[in-house]
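Trainee: One structure is given below, represented as structure tokens, and several questions about it will come after.
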Amino acid sequence: MPLNRRTFLEGSAAVGAGAALTAGLAAPAEAGEARPRPAKRYSFTVMGTTDLHGNVFNWDYFTDKEFDDKAHNDVGLAKISTLVNQVRAEKGECNTLLIDAGDTIQGTQLSYYYAKVDPITEAGGPVHPMAQAMNAIGYDAAALGNHEFNYGIPVLRKFQEQCDFPLLGANALDAKTLRPAFPPYSMHRMRTPHGRDVKVAVLGLTNPGIAIWDKANVSGRMVFPGLEEQAAKWVPKLRSMGADVVIVSAHSGSSGTSSYGDQLPYVENAAGLVAEQVPGIDAILVGHAHTEIPEYRVTNKETGKDVVLSEPLKWGQRLTLFDFDLVWEKGRWVVEKVGARVLNSNTVPEDPEITGLLADEHKKVVAYVNQVIGTSTAAMTTADAPWKDEPIIDLINVVQAETVKAALAGGAYADLPVLSQASCFSRTARIPAGQVTIRDAAALYPFENTLEARLLTGAQLKDYLEYSAKYYVRTPAGAPVDTAKLTNAEGTPDYNYDAVSGLTYDIDIARPVGQRIVNLSFEGRPLDPAARFVLAVNNYRASGGGAFPHVAGAEQLWANSEEIRNTIIQWVKAKGTVDPAVFASVGWRLTRDGVPVF
């Protein structure tokens, strides 16, 4: 029909009225139905442990009773299992992951027994208790710790074979090929109700100090470059592989310091540096330092975004929870928020499934550590050993010195005097009067250190002792002395304070660090700086642990692979009777201006 003015106006009016009506109806629709769809969101939780050190049960094999400390902490994977079950029940198992940051297979007599007494490496041998427990709990991944290498690579490889989850170490490389000797990462899919899964990558990093601390086990076989370097290599790869979330499990503290000084070009406690320097990381599970950090945020220099770090306390005392909130944006999952917290294992009972699973192994080890190996004529304890020369530390030193003298007998260095170093590794160790058991002797030396002999001069020993004496807080003459505040200056742990037997000396705690060793003598005469001595020293110290001067670079005269702990046990067995009157002496003391402190 031809369009005339009338029909045009009528049509225009109708359209206008319709448009007006439509506009009137649109306002409520925009306020309700026409709003943008709510964003797709998904939340999940990553649980983390670290430094379990062979603890399954809430039990102290050295005291032969339930574990307890001043803070009434509990220990063990059986406790962790109960917490994990609670979190899974709350969050939904499909919305959780469980990872660990290393140091798993060393530390208790339970772990020692299945590495040395009934080793997992024997044909048809047992499954390691830590593998059994972690498999039953359902770990998804674990980073390698430095103590994983203490028993040698064959034990570690067997443990790896027995685990239902990967042991990760992106910076544990084959020495010849420089390729990862262990899986660098694991990738996990989290099912969401919104279609595409969330891909979570876990990158494992271990400690460069392994090259020093376990040199005998890894030299020529594996190398351990820095955490920052390897994270910078792998994080972009994980993102390019489609990882929506990247978590680092790092057996490395967050302080940025190293106990081995400049002996390695890599930082020991580098977790904070990784967060700061490497973009693309959402969270870091921190290990190695044996401290509790519920949540610590580090701003990445390149992106300006916060990286959340958390370190749960050692031995299964805490469980870290990383809570992730994600939002779907522009066709991918984006981390919107991350928070971290820790749960205390002393709030829950042990999981009977775990304690039942390993009841037989536990009984075997309890029976083993309670074997009587000799008698003692007097009780000895380490309670005062951090500030007094105590017979119980003399016991360690006499065993070490006699062992080294016997090893060097008949050789070129047989006529040199043998000195010995030892630390107070535990303030609760004791040798009772009467029967002495394996656990009594083993408690003196809770670490799997071995013994070496190094050649040092008198001048070098003076430097060594001055460095050790920094352990004490400077205390002016006449000021009150509180033993609770006297030691561990600048965070120096008890195991990095060495007493050296065979010399006599005073430590003047009123003097500044580096000027504290006075009246240093050998056999009643001032120590000759040029004189040569053999120092019986543990492999940790000899390889640079604690960054003591001279010893790491000193000539090695002898070394063996037997743990010092076992050497002490065998010595007690051979002697039959431990008599401190025979070997104990006061070789050092604390003074102020020549006046003894105690």
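By order of appearance in the structure tokens: chains A, B, ..., then residues from 1 within every chain, and ligands from 1 in the order shown.
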Determine which residues of range 106-171 of chain A receive a DSSP assignment of helix (DSSP H, G or I), computed from the backbone, and state them as number ranges by chain.
Mentor: A: 109-117, 129-137, 146-149, 153-162
Trainee: Would you mind listing what lies within 6 Å of range 517-529 of chain A as a compact mmCIF listing (two decimals) with N, CA and C atoms, in the first residue's frame, with only C-alpha atoms counted and same-chain residues fewer than 4 positions away left out?
Mentor:
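What ended up in result_0.txt:
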```
# COMPACT_ATOMS: atom_id res chain seq x y z
N GLY A 458 96.43 -23.90 66.41
CA GLY A 458 95.98 -23.24 67.63
C GLY A 458 95.27 -21.92 67.34
N ALA A 459 95.79 -21.15 66.39
CA ALA A 459 95.17 -19.88 66.03
C ALA A 459 93.78 -20.08 65.45
N GLU A 466 85.98 -18.32 69.52
CA GLU A 466 85.41 -16.97 69.57
C GLU A 466 84.07 -16.94 68.81
N LEU A 503 91.11 -28.60 75.63
CA LEU A 503 91.65 -27.28 75.92
C LEU A 503 90.98 -26.78 77.20
N THR A 504 91.59 -25.78 77.83
CA THR A 504 90.92 -25.08 78.93
C THR A 504 90.82 -23.61 78.56
N TYR A 505 89.69 -23.00 78.88
CA TYR A 505 89.48 -21.60 78.50
C TYR A 505 88.31 -21.02 79.28
N ASP A 506 88.32 -19.70 79.39
CA ASP A 506 87.21 -18.96 79.95
C ASP A 506 86.50 -18.21 78.84
N ILE A 507 85.18 -18.04 78.99
CA ILE A 507 84.40 -17.21 78.07
C ILE A 507 83.89 -16.02 78.86
```
Trainee: Taking into account only C-alpha atoms, which residue in the set A:Phe598, A:Ala340, A:Ala175, A:Thr457 is nearest to Asp384 in chain A?
Mentor: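 For Asp384 in chain A, the nearest of the given residues is A:Phe598.
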Trainee: So that I can check the secondary structure, give me every residue of range 508-549 of chain A assigned strand (DSSP E or B) by backbone DSSP, as number ranges by chain.
Mentor: A: 508, 517-522, 525-526, 532-538
Trainee: Hey, can you spit out that residue selection with all heavy atoms as a compact mmCIF listing (two decimals), in the first residue's frame?
Mentor:
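Contents of result_10.txt, freshly written:
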```txt
# COMPACT_ATOMS: atom_id res chain seq x y z
N ASP A 508 84.46 -14.85 78.59
CA ASP A 508 84.08 -13.64 79.32
C ASP A 508 82.88 -13.00 78.63
O ASP A 508 83.01 -12.33 77.60
CB ASP A 508 85.25 -12.65 79.36
CG ASP A 508 85.02 -11.51 80.35
OD1 ASP A 508 83.84 -11.12 80.53
OD2 ASP A 508 85.99 -11.01 80.93
N ILE A 517 87.27 -15.13 74.45
CA ILE A 517 88.05 -16.30 74.87
C ILE A 517 89.33 -15.83 75.58
O ILE A 517 90.19 -15.17 74.96
CB ILE A 517 88.39 -17.21 73.68
CG1 ILE A 517 87.11 -17.66 72.96
CG2 ILE A 517 89.19 -18.42 74.15
CD1 ILE A 517 86.14 -18.43 73.84
N VAL A 518 89.45 -16.14 76.86
CA VAL A 518 90.61 -15.75 77.65
C VAL A 518 91.19 -16.98 78.35
O VAL A 518 90.51 -17.98 78.53
CB VAL A 518 90.26 -14.65 78.68
CG1 VAL A 518 89.87 -13.36 77.96
CG2 VAL A 518 89.13 -15.09 79.59
N ASN A 519 92.45 -16.86 78.70
CA ASN A 519 93.15 -17.95 79.40
C ASN A 519 93.09 -19.26 78.62
O ASN A 519 92.96 -20.34 79.20
CB ASN A 519 92.58 -18.16 80.81
CG ASN A 519 92.66 -16.91 81.66
OD1 ASN A 519 93.64 -16.17 81.59
ND2 ASN A 519 91.62 -16.65 82.45
N LEU A 520 93.22 -19.17 77.32
CA LEU A 520 93.16 -20.37 76.47
C LEU A 520 94.47 -21.14 76.59
O LEU A 520 95.55 -20.63 76.27
CB LEU A 520 92.91 -19.96 75.02
CG LEU A 520 92.83 -21.08 73.98
CD1 LEU A 520 91.75 -22.09 74.32
CD2 LEU A 520 92.56 -20.48 72.58
N SER A 521 94.34 -22.40 77.05
CA SER A 521 95.54 -23.19 77.35
C SER A 521 95.40 -24.62 76.84
O SER A 521 94.30 -25.13 76.64
CB SER A 521 95.77 -23.23 78.86
OG SER A 521 95.91 -21.93 79.40
N PHE A 522 96.57 -25.23 76.66
CA PHE A 522 96.63 -26.66 76.34
C PHE A 522 97.67 -27.29 77.26
O PHE A 522 98.83 -26.86 77.29
CB PHE A 522 96.99 -26.90 74.88
CG PHE A 522 97.22 -28.33 74.53
CD1 PHE A 522 96.17 -29.24 74.57
CD2 PHE A 522 98.49 -28.80 74.21
CE1 PHE A 522 96.38 -30.58 74.28
CE2 PHE A 522 98.71 -30.14 73.90
CZ PHE A 522 97.65 -31.03 73.95
N ARG A 525 99.58 -24.83 79.54
CA ARG A 525 100.37 -23.74 78.97
C ARG A 525 99.52 -22.97 77.95
O ARG A 525 98.63 -23.55 77.32
CB ARG A 525 101.61 -24.30 78.27
CG ARG A 525 102.57 -25.00 79.22
CD ARG A 525 103.77 -25.52 78.45
NE ARG A 525 104.72 -26.22 79.34
CZ ARG A 525 105.84 -26.78 78.93
NH1 ARG A 525 106.17 -26.74 77.64
NH2 ARG A 525 106.64 -27.38 79.80
N PRO A 526 99.81 -21.66 77.79
CA PRO A 526 99.07 -20.88 76.78
C PRO A 526 99.13 -21.57 75.42
O PRO A 526 100.18 -22.10 75.03
CB PRO A 526 99.79 -19.53 76.77
CG PRO A 526 100.37 -19.42 78.15
CD PRO A 526 100.78 -20.83 78.53
N ARG A 532 99.71 -27.72 65.92
CA ARG A 532 98.70 -28.43 65.13
C ARG A 532 97.92 -29.41 66.00
O ARG A 532 98.48 -30.07 66.88
CB ARG A 532 99.36 -29.17 63.97
CG ARG A 532 100.08 -28.26 62.99
CD ARG A 532 100.39 -28.99 61.68
NE ARG A 532 101.15 -30.22 61.90
CZ ARG A 532 101.35 -31.14 60.96
NH1 ARG A 532 100.82 -30.98 59.74
NH2 ARG A 532 102.06 -32.23 61.21
N PHE A 533 96.62 -29.48 65.73
CA PHE A 533 95.73 -30.35 66.49
C PHE A 533 94.79 -31.08 65.54
O PHE A 533 94.45 -30.58 64.45
CB PHE A 533 94.89 -29.53 67.47
CG PHE A 533 95.68 -28.81 68.53
CD1 PHE A 533 96.21 -27.55 68.28
CD2 PHE A 533 95.89 -29.40 69.77
CE1 PHE A 533 96.94 -26.89 69.26
CE2 PHE A 533 96.61 -28.74 70.75
CZ PHE A 533 97.14 -27.49 70.50
N VAL A 534 94.35 -32.24 65.97
CA VAL A 534 93.28 -32.95 65.27
C VAL A 534 91.97 -32.63 66.00
O VAL A 534 91.90 -32.77 67.22
CB VAL A 534 93.53 -34.47 65.28
CG1 VAL A 534 92.35 -35.20 64.64
CG2 VAL A 534 94.83 -34.80 64.57
N LEU A 535 90.98 -32.21 65.26
CA LEU A 535 89.67 -31.94 65.85
C LEU A 535 88.68 -33.01 65.42
O LEU A 535 88.43 -33.21 64.22
CB LEU A 535 89.14 -30.57 65.41
CG LEU A 535 87.78 -30.17 65.99
CD1 LEU A 535 87.85 -29.99 67.51
CD2 LEU A 535 87.23 -28.90 65.33
N ALA A 536 88.15 -33.75 66.40
CA ALA A 536 87.06 -34.68 66.14
C ALA A 536 85.79 -33.86 66.02
O ALA A 536 85.39 -33.18 66.97
CB ALA A 536 86.95 -35.69 67.28
N VAL A 537 85.16 -33.92 64.86
CA VAL A 537 84.08 -32.98 64.55
C VAL A 537 83.00 -33.69 63.75
O VAL A 537 83.29 -34.58 62.94
CB VAL A 537 84.65 -31.75 63.79
CG1 VAL A 537 85.34 -32.18 62.50
CG2 VAL A 537 83.59 -30.70 63.51
N ASN A 538 81.74 -33.30 63.96
CA ASN A 538 80.67 -33.95 63.19
C ASN A 538 80.66 -33.44 61.75
O ASN A 538 81.15 -32.35 61.45
CB ASN A 538 79.32 -33.78 63.89
CG ASN A 538 78.79 -32.37 63.90
OD1 ASN A 538 78.70 -31.70 62.87
ND2 ASN A 538 78.42 -31.89 65.09
```
Trainee: If you take only C-alpha atoms and a cut-off of 10 Å, which residues of range 351-403 of chain A touch range 111-125 of chain A, and what are their nearest atom pairs and distances in Å to one decimal, in chain and number order, as a Markdown table?
Mentor:
```
| residue | atom | partner | partner_atom | distance |
| --- | --- | --- | --- | --- |
| A:Glu361 | CA | A:Tyr114 | CA | 9.1 |
| A:Lys364 | CA | A:Tyr113 | CA | 9.0 |
| A:Val365 | CA | A:Tyr113 | CA | 6.7 |
| A:Tyr368 | CA | A:Tyr113 | CA | 8.5 |
| A:Val369 | CA | A:Tyr113 | CA | 9.4 |
```
